[in-house]
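Text of start.txt (compact mmCIF, C-alpha atoms) as supplied:
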```txt
# COMPACT_ATOMS: atom_id res chain seq x y z
CA MET A 18 -15.50 -22.18 -38.95
CA ALA A 19 -15.05 -22.57 -35.21
CA THR A 20 -17.97 -21.54 -33.05
CA ASP A 21 -17.41 -18.71 -30.58
CA ILE A 22 -17.20 -19.62 -26.92
CA SER A 23 -19.40 -18.05 -24.23
CA LEU A 24 -17.41 -16.68 -21.29
CA THR A 25 -17.76 -14.41 -18.30
CA ILE A 26 -14.95 -11.85 -18.16
CA ASN A 27 -14.73 -9.54 -15.15
CA GLY A 28 -18.36 -10.18 -14.35
CA GLU A 29 -19.68 -9.54 -17.86
CA PRO A 30 -20.89 -12.14 -20.39
CA ARG A 31 -18.82 -12.13 -23.56
CA ARG A 32 -18.10 -14.32 -26.59
CA ALA A 33 -14.64 -15.10 -27.91
CA ALA A 34 -13.00 -17.18 -30.60
CA PRO A 35 -11.47 -20.48 -29.49
CA GLY A 36 -7.84 -20.25 -28.48
CA SER A 37 -5.56 -19.69 -25.53
CA ILE A 38 -6.01 -17.26 -22.68
CA ALA A 39 -3.12 -15.26 -24.13
CA ASP A 40 -4.97 -15.05 -27.44
CA LEU A 41 -8.07 -13.85 -25.61
CA VAL A 42 -6.12 -11.19 -23.71
CA ARG A 43 -4.56 -9.92 -26.92
CA SER A 44 -7.98 -9.88 -28.62
CA LEU A 45 -9.04 -7.45 -25.89
CA GLU A 46 -6.07 -5.25 -26.91
CA LEU A 47 -4.31 -5.97 -23.62
CA ASP A 48 -0.75 -7.06 -23.03
CA PRO A 49 -0.54 -10.52 -21.38
CA ALA A 50 2.67 -9.38 -19.69
CA LYS A 51 0.84 -6.62 -17.80
CA VAL A 52 -2.14 -8.49 -16.38
CA ALA A 53 -2.97 -11.42 -14.11
CA VAL A 54 -5.70 -13.92 -14.95
CA GLU A 55 -7.87 -16.04 -12.70
CA ARG A 56 -9.83 -18.84 -14.41
CA ASN A 57 -12.70 -20.47 -12.56
CA GLY A 58 -11.26 -19.43 -9.21
CA GLU A 59 -7.70 -20.55 -9.92
CA ILE A 60 -4.83 -18.27 -10.91
CA VAL A 61 -3.29 -19.14 -14.26
CA PRO A 62 0.50 -18.63 -14.14
CA ARG A 63 1.51 -16.03 -16.68
CA SER A 64 4.08 -18.42 -18.13
CA THR A 65 1.23 -20.75 -19.16
CA LEU A 66 -1.26 -18.24 -20.59
CA ALA A 67 -0.34 -19.23 -24.14
CA ALA A 68 -0.83 -22.91 -23.38
CA VAL A 69 -4.15 -22.85 -21.51
CA GLU A 70 -7.17 -23.04 -23.80
CA ILE A 71 -10.37 -21.24 -22.93
CA ALA A 72 -13.47 -23.41 -22.63
CA GLN A 73 -17.21 -22.95 -22.79
CA GLY A 74 -18.54 -21.32 -19.62
CA ASP A 75 -15.16 -20.24 -18.24
CA VAL A 76 -15.29 -17.44 -15.68
CA LEU A 77 -12.24 -15.21 -15.99
CA GLU A 78 -10.97 -12.33 -13.90
CA ILE A 79 -8.36 -10.13 -15.58
CA VAL A 80 -6.73 -7.58 -13.28
CA HIS A 81 -3.95 -5.02 -13.20
CA PHE A 82 -2.74 -2.30 -10.85
CA VAL A 83 -4.51 1.04 -10.57
CA GLY A 84 -4.04 4.23 -8.62
CA GLY A 85 -6.15 3.85 -5.55
CA GLY A 86 10.32 8.12 -5.59
CA GLN A 87 12.99 8.97 -6.89
CA ASP A 88 16.48 8.63 -5.34
CA ASP A 89 17.74 11.77 -3.61
CA ASP A 90 20.08 12.79 -0.82
CA THR A 91 17.50 13.51 1.89
CA TRP A 92 18.33 10.33 3.82
CA PRO A 93 21.86 9.49 2.66
CA ASP A 94 22.87 7.34 5.63
CA ASP A 95 19.72 6.80 7.70
CA THR A 96 17.95 3.82 6.13
CA TRP A 97 15.29 1.37 7.25
CA THR A 98 14.78 -2.25 6.29
CA VAL A 99 11.68 -4.38 5.89
CA ALA A 100 11.86 -8.08 4.97
CA GLY A 101 15.49 -7.68 3.95
CA ARG A 102 14.84 -4.72 1.63
CA THR A 103 16.41 -1.40 2.48
CA PHE A 104 14.98 2.03 1.73
CA ARG A 105 16.10 5.59 2.37
CA SER A 106 12.75 7.36 2.17
CA ARG A 107 10.53 6.80 5.19
CA LEU A 108 7.50 8.14 3.35
CA ILE A 109 5.19 5.74 1.51
CA VAL A 110 2.48 7.26 -0.65
CA GLY A 111 -0.72 5.98 -2.19
CA THR A 112 -1.93 6.19 -5.75
CA GLY A 113 -5.61 7.05 -5.45
CA LYS A 114 -7.76 10.21 -5.60
CA TYR A 115 -5.46 12.16 -7.92
CA LYS A 116 -7.02 13.93 -10.91
CA ASP A 117 -4.94 11.77 -13.25
CA PHE A 118 -1.89 9.50 -13.40
CA ALA A 119 0.37 12.38 -14.47
CA GLN A 120 -0.38 14.35 -11.29
CA ASN A 121 0.06 11.17 -9.27
CA ALA A 122 3.49 10.56 -10.78
CA ALA A 123 4.55 14.17 -10.16
CA ALA A 124 3.49 13.91 -6.51
CA VAL A 125 5.45 10.69 -6.05
CA GLU A 126 8.55 12.35 -7.45
CA ALA A 127 8.10 15.42 -5.26
CA SER A 128 7.63 13.27 -2.16
CA GLY A 129 10.86 11.36 -2.70
CA ALA A 130 8.96 8.14 -1.92
CA GLU A 131 10.52 4.85 -2.97
CA ILE A 132 7.37 2.79 -2.31
CA VAL A 133 3.83 3.35 -3.58
CA THR A 134 0.73 1.40 -2.64
CA VAL A 135 -1.38 0.17 -5.55
CA ALA A 136 -4.83 -1.35 -5.67
CA VAL A 137 -5.60 -4.48 -7.67
CA ARG A 138 -8.65 -3.95 -9.85
CA ARG A 139 -10.32 -5.53 -12.84
CA VAL A 140 -9.06 -4.46 -16.24
CA ASN A 141 -11.60 -2.36 -18.13
CA VAL A 142 -12.06 -4.76 -21.07
CA SER A 143 -14.42 -2.27 -22.72
CA ASP A 144 -11.61 0.30 -22.95
CA PRO A 145 -8.33 -1.63 -23.17
CA LYS A 146 -6.45 1.48 -24.34
CA ALA A 147 -7.18 3.31 -21.09
CA PRO A 148 -3.99 4.56 -19.37
CA MET A 149 -2.41 2.31 -16.76
CA LEU A 150 -0.51 3.34 -13.66
CA THR A 151 2.56 1.46 -14.84
CA ASP A 152 2.73 3.82 -17.84
CA TYR A 153 3.43 6.71 -15.46
CA ILE A 154 5.14 5.20 -12.40
CA ASP A 155 7.79 2.69 -13.41
CA PRO A 156 7.70 -0.41 -11.16
CA LYS A 157 11.36 -0.97 -12.04
CA LYS A 158 12.26 2.30 -10.33
CA ILE A 159 9.59 2.54 -7.62
CA THR A 160 8.61 -0.40 -5.42
CA TYR A 161 4.98 -1.29 -5.90
CA LEU A 162 3.21 -2.40 -2.72
CA PRO A 163 -0.02 -4.15 -3.77
CA ASN A 164 -2.75 -3.68 -1.20
CA THR A 165 -6.12 -5.17 -0.39
CA ALA A 166 -8.09 -1.94 -0.11
CA GLY A 167 -11.80 -2.68 -0.10
CA CYS A 168 -11.53 -6.26 1.18
CA PHE A 169 -13.79 -7.20 4.08
CA THR A 170 -12.89 -10.88 4.50
CA ALA A 171 -9.63 -12.79 4.81
CA GLU A 172 -10.57 -14.85 1.76
CA ASP A 173 -11.04 -11.80 -0.45
CA ALA A 174 -7.75 -10.30 0.70
CA ILE A 175 -5.82 -13.53 0.13
CA ARG A 176 -7.34 -13.98 -3.33
CA THR A 177 -6.49 -10.38 -4.25
CA LEU A 178 -2.85 -10.75 -3.25
CA ARG A 179 -2.47 -14.05 -5.06
CA LEU A 180 -3.57 -12.25 -8.21
CA ALA A 181 -1.22 -9.36 -7.42
CA ARG A 182 1.73 -11.71 -7.15
CA GLU A 183 0.84 -13.25 -10.49
CA ALA A 184 0.43 -9.84 -12.14
CA GLY A 185 3.70 -8.37 -10.97
CA GLY A 186 5.67 -10.98 -9.10
CA TRP A 187 5.58 -9.00 -5.86
CA ASP A 188 5.65 -10.81 -2.54
CA LEU A 189 6.02 -7.69 -0.36
CA VAL A 190 2.39 -6.64 0.06
CA LYS A 191 0.14 -4.48 2.20
CA LEU A 192 -2.69 -6.34 3.90
CA GLU A 193 -5.82 -4.69 5.17
CA VAL A 194 -9.08 -6.46 6.01
CA LEU A 195 -11.77 -3.96 6.89
CA GLY A 196 -14.54 -4.47 9.41
CA GLU A 197 -17.15 -2.06 8.11
CA ALA A 198 -17.57 0.62 5.46
CA ARG A 199 -18.42 3.48 7.84
CA THR A 200 -15.22 3.57 9.89
CA LEU A 201 -12.92 1.46 7.67
CA TYR A 202 -11.44 0.10 10.88
CA PRO A 203 -9.64 -3.23 10.50
CA ASN A 204 -11.29 -6.49 11.47
CA MET A 205 -8.41 -7.88 13.50
CA ILE A 206 -9.67 -11.48 13.65
CA GLU A 207 -9.83 -11.66 9.85
CA THR A 208 -6.60 -9.68 9.53
CA ILE A 209 -4.62 -12.07 11.73
CA ARG A 210 -6.10 -15.08 9.93
CA ALA A 211 -5.14 -13.65 6.53
CA THR A 212 -1.65 -12.81 7.80
CA GLU A 213 -1.05 -16.42 8.86
CA VAL A 214 -2.17 -17.82 5.50
CA LEU A 215 -0.18 -15.31 3.45
CA ALA A 216 2.99 -15.81 5.49
CA LYS A 217 2.75 -19.59 4.97
CA GLU A 218 2.43 -19.00 1.22
CA GLY A 219 5.63 -16.98 1.11
CA PHE A 220 4.14 -13.50 1.12
CA LEU A 221 5.75 -10.71 3.14
CA PRO A 222 2.74 -8.86 4.56
CA MET A 223 2.94 -5.33 5.91
CA VAL A 224 -0.29 -5.16 7.88
CA TYR A 225 -2.75 -2.34 8.60
CA CYS A 226 -4.05 -2.66 12.15
CA VAL A 227 -5.66 -0.93 15.11
CA ASP A 228 -3.42 1.16 17.35
CA ASP A 229 -3.23 -1.60 19.96
CA PRO A 230 0.15 -2.95 21.15
CA ILE A 231 -1.34 -6.39 21.89
CA ALA A 232 -2.84 -6.73 18.41
CA ALA A 233 0.41 -5.51 16.87
CA LYS A 234 2.36 -8.22 18.68
CA GLN A 235 -0.16 -10.87 17.59
CA LEU A 236 0.34 -9.80 13.98
CA GLU A 237 4.09 -10.01 14.36
CA ASP A 238 3.74 -13.53 15.74
CA ALA A 239 1.45 -14.42 12.81
CA GLY A 240 4.12 -13.47 10.27
CA ALA A 241 3.73 -9.75 9.59
CA VAL A 242 6.99 -8.20 8.36
CA ALA A 243 5.77 -4.75 9.44
CA VAL A 244 2.84 -3.48 11.49
CA MET A 245 0.98 -0.38 10.38
CA PRO A 246 -1.29 1.03 13.11
CA LEU A 247 -3.78 3.68 12.08
CA GLY A 248 -3.30 7.20 13.33
CA ALA A 249 -6.98 7.98 12.73
CA PRO A 250 -9.69 6.64 10.41
CA ILE A 251 -8.67 6.28 6.75
CA GLY A 252 -9.04 9.51 4.82
CA SER A 253 -10.10 11.52 7.88
CA GLY A 254 -7.07 13.84 8.11
CA LEU A 255 -7.47 13.96 11.88
CA GLY A 256 -3.82 13.23 12.64
CA ILE A 257 -2.47 10.79 15.22
CA GLN A 258 -5.14 10.47 17.89
CA ASN A 259 -3.33 8.26 20.39
CA ARG A 260 0.38 8.88 20.71
CA VAL A 261 0.63 6.69 23.80
CA THR A 262 -0.36 3.45 22.08
CA ILE A 263 1.70 4.21 18.97
CA ARG A 264 4.75 4.68 21.21
CA LEU A 265 4.00 1.42 23.03
CA ILE A 266 3.76 -0.43 19.71
CA VAL A 267 7.13 1.00 18.65
CA GLU A 268 8.73 0.01 21.96
CA GLY A 269 7.46 -3.56 21.77
CA ALA A 270 7.90 -4.34 18.07
CA LYS A 271 10.73 -6.33 16.52
CA VAL A 272 9.55 -5.43 13.01
CA PRO A 273 9.17 -1.97 11.44
CA VAL A 274 6.26 0.16 12.59
CA LEU A 275 4.66 2.64 10.20
CA VAL A 276 1.68 4.90 10.88
CA ASP A 277 -0.94 4.19 8.24
CA ALA A 278 -4.07 6.33 7.78
CA GLY A 279 -5.33 9.57 9.28
CA VAL A 280 -2.47 11.93 8.41
CA GLY A 281 -3.80 15.32 7.36
CA THR A 282 -0.85 17.66 7.18
CA ALA A 283 2.91 17.84 7.53
CA SER A 284 2.95 18.16 11.32
CA ASP A 285 1.12 14.82 11.61
CA ALA A 286 3.83 13.13 9.58
CA ALA A 287 6.51 14.70 11.76
CA VAL A 288 4.78 13.40 14.91
CA ALA A 289 4.78 9.83 13.55
CA LEU A 290 8.54 9.93 13.08
CA GLU A 291 9.13 11.73 16.39
CA LEU A 292 7.41 8.82 18.12
CA GLY A 293 10.05 6.50 16.70
CA CYS A 294 8.04 4.99 13.84
CA ASP A 295 10.11 3.72 10.94
CA GLY A 296 7.89 5.49 8.46
CA VAL A 297 4.46 6.81 7.58
CA LEU A 298 2.01 5.99 4.79
CA MET A 299 -0.44 8.49 3.36
CA ASN A 300 -2.61 9.12 0.34
CA THR A 301 -5.51 11.51 0.88
CA ALA A 302 -3.41 14.14 2.69
CA ILE A 303 -1.43 14.69 -0.50
CA ALA A 304 -3.99 13.84 -3.18
CA GLU A 305 -6.75 16.07 -1.76
CA ALA A 306 -4.52 19.04 -0.95
CA LYS A 307 -5.23 22.14 -3.02
CA ASP A 308 -1.68 21.79 -4.38
CA PRO A 309 -0.76 18.09 -4.18
CA ILE A 310 2.77 18.57 -5.50
CA ARG A 311 3.60 21.22 -2.92
CA MET A 312 2.04 19.11 -0.16
CA ALA A 313 4.14 16.14 -1.27
CA ARG A 314 7.27 18.27 -0.84
CA ALA A 315 6.03 19.40 2.58
CA MET A 316 5.49 15.80 3.68
CA LYS A 317 8.96 14.86 2.52
CA ALA A 318 10.45 17.67 4.63
CA ALA A 319 8.24 16.85 7.63
CA VAL A 320 9.25 13.18 7.65
CA ALA A 321 12.92 14.16 7.52
CA ALA A 322 12.45 16.70 10.34
CA GLY A 323 10.53 14.25 12.51
CA ARG A 324 13.20 11.60 12.07
CA ASP A 325 15.97 14.09 12.93
CA ALA A 326 14.07 15.17 16.04
CA TYR A 327 13.69 11.55 17.17
CA LEU A 328 17.39 10.83 16.66
CA ALA A 329 18.36 14.07 18.40
CA GLY A 330 16.40 13.11 21.54
CA ARG A 331 13.91 15.70 22.68
CA MET A 332 14.23 17.62 25.92
CA GLY A 333 12.39 16.40 28.97
CA THR A 334 9.08 17.97 29.91
CA ARG A 335 8.66 20.01 33.11
CA LYS A 336 5.71 21.19 35.14
CA TYR A 337 7.07 24.71 35.59
CA ALA A 338 9.13 27.25 33.71
CA ASP A 339 12.92 26.98 33.58
CA PRO A 340 14.68 30.16 32.40
CA SER A 341 16.98 29.91 29.42
CA SER A 342 19.27 32.62 30.80
CA PRO A 343 20.87 32.27 34.28
CA LEU A 344 19.48 34.57 36.96
CA ALA A 345 22.82 34.89 38.75
CA GLY A 346 24.47 38.24 38.06
CA LEU A 347 21.20 39.85 37.02
CA ILE A 348 21.47 43.66 36.95
```

Take the structure in the file and give it back as structure tokens.
Amino acid sequence: MATDISLTINGEPRRAAPGSIADLVRSLELDPAKVAVERNGEIVPRSTLAAVEIAQGDVLEIVHFVGGGQDDDTWPDDTWTVAGRTFRSRLIVGTGKYKDFAQNAAAVEASGAEIVTVAVRRVNVSDPKAPMLTDYIDPKKITYLPNTAGCFTAEDAIRTLRLAREAGGWDLVKLEVLGEARTLYPNMIETIRATEVLAKEGFLPMVYCVDDPIAAKQLEDAGAVAVMPLGAPIGSGLGIQNRVTIRLIVEGAKVPVLVDAGVGTASDAAVALELGCDGVLMNTAIAEAKDPIRMARAMKAAVAAGRDAYLAGRMGTRKYADPSSPLAGLI
């Protein structure tokens, strides 16, 4: 009888019968078609999982997507395009902080979003029957945008997205490299470095950044397919704090600009679109609302209103009052 092999799987020591990685994944009651596997620091292509044998001392990481739109007529003619892919909804929503996947899916539907951000996390090998996001939000109907939430170095972000591409085949990704845990502000040196590497590897990075027009242009030059300046710190709900720099980024960019982070309520979303941004990304503002589904609908309406206001061209501002009714002929 073959002797079991000692392995490390997702940071935990385990023993498994000899065989292929696919055999191992199935022994954990997981579907090889729904996960990505890294073996000793190298991604194993899914097409080869059945051919690669596990060996004594292997260190494996097994990951999938976790929570971290439907077509409608809200934007029938007014579309936006990123990296050659066209969307009607200008609202991107996250998949974290909801009470469960069912509520998350209902909020996505109510928002009309066509793109959702998803985090890449280790599979819970101790509970392989646990629900997965893909069971509730169909990646064939909604575009998954894998992100690097929680990464503090370029290397960690690059590694995460390589695994994401293997897990789902996605090359359109959201890159964020954080500088510190307190503010969750981006480390722009690491962010630019990661953008350059990912672009050379064929990724299409949409990049979270500071609200700085110079940094945004540097990211564009590094290969970003979209720049995503923060409106305020992640999860703060403070709204867009610096409209001037967001407008300057929009005016200078040749790629889509989307406000990412800090939105708290519908008026904040409207402001982002009124400034000329191509879209807005949010998670906490919907997920932590007392009624997330209703807030998702409100955000959908706000984004549409903000876009209409931008296209309409707002009136000029004046220092003094200007009467709406003519004074000539006054009785």

Could you pull the residues within 12 Å of Thr98 (chain A), counting all atoms listed in the file, minus those fewer than 4 positions along the same chain, as an MDAnalysis selection string? chainID A and resid 102:107 242:243 271:275 295:296

Selection: 7 Å around Val194 (chain A), only C-alpha atoms, excl. self and same-chain fewer than 4 positions, as a PyMOL selection string: chain A and resi 168-171+174+203-204+207-208

Pick out the residues sitting within 10 Å of Ala34 (chain A), and hand them over as a ChimeraX atom specification; count all atoms listed in the file, and ignore anything fewer than 5 positions along from it in its own chain. /A:19-23,40-41,44,71

For Gln73 (chain A), which residue out of A:Met245, A:Ala53, A:Ile209, A:Ala33 is the nearest one, using all atoms listed in the file? A:Ala33

Proximity to Arg331 (chain A) - best of A:Glu291, A:Asp308, A:Asp94, A:Glu197, all atoms listed in the file: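 Closest to Arg331 (chain A) of all the choices is A:Glu291.
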
Find, counting all atoms listed in the file, the residue in A:Ala306, A:Gly256, A:Leu77, A:Lys317 that gets nearest to Val288 (chain A). A:Gly256
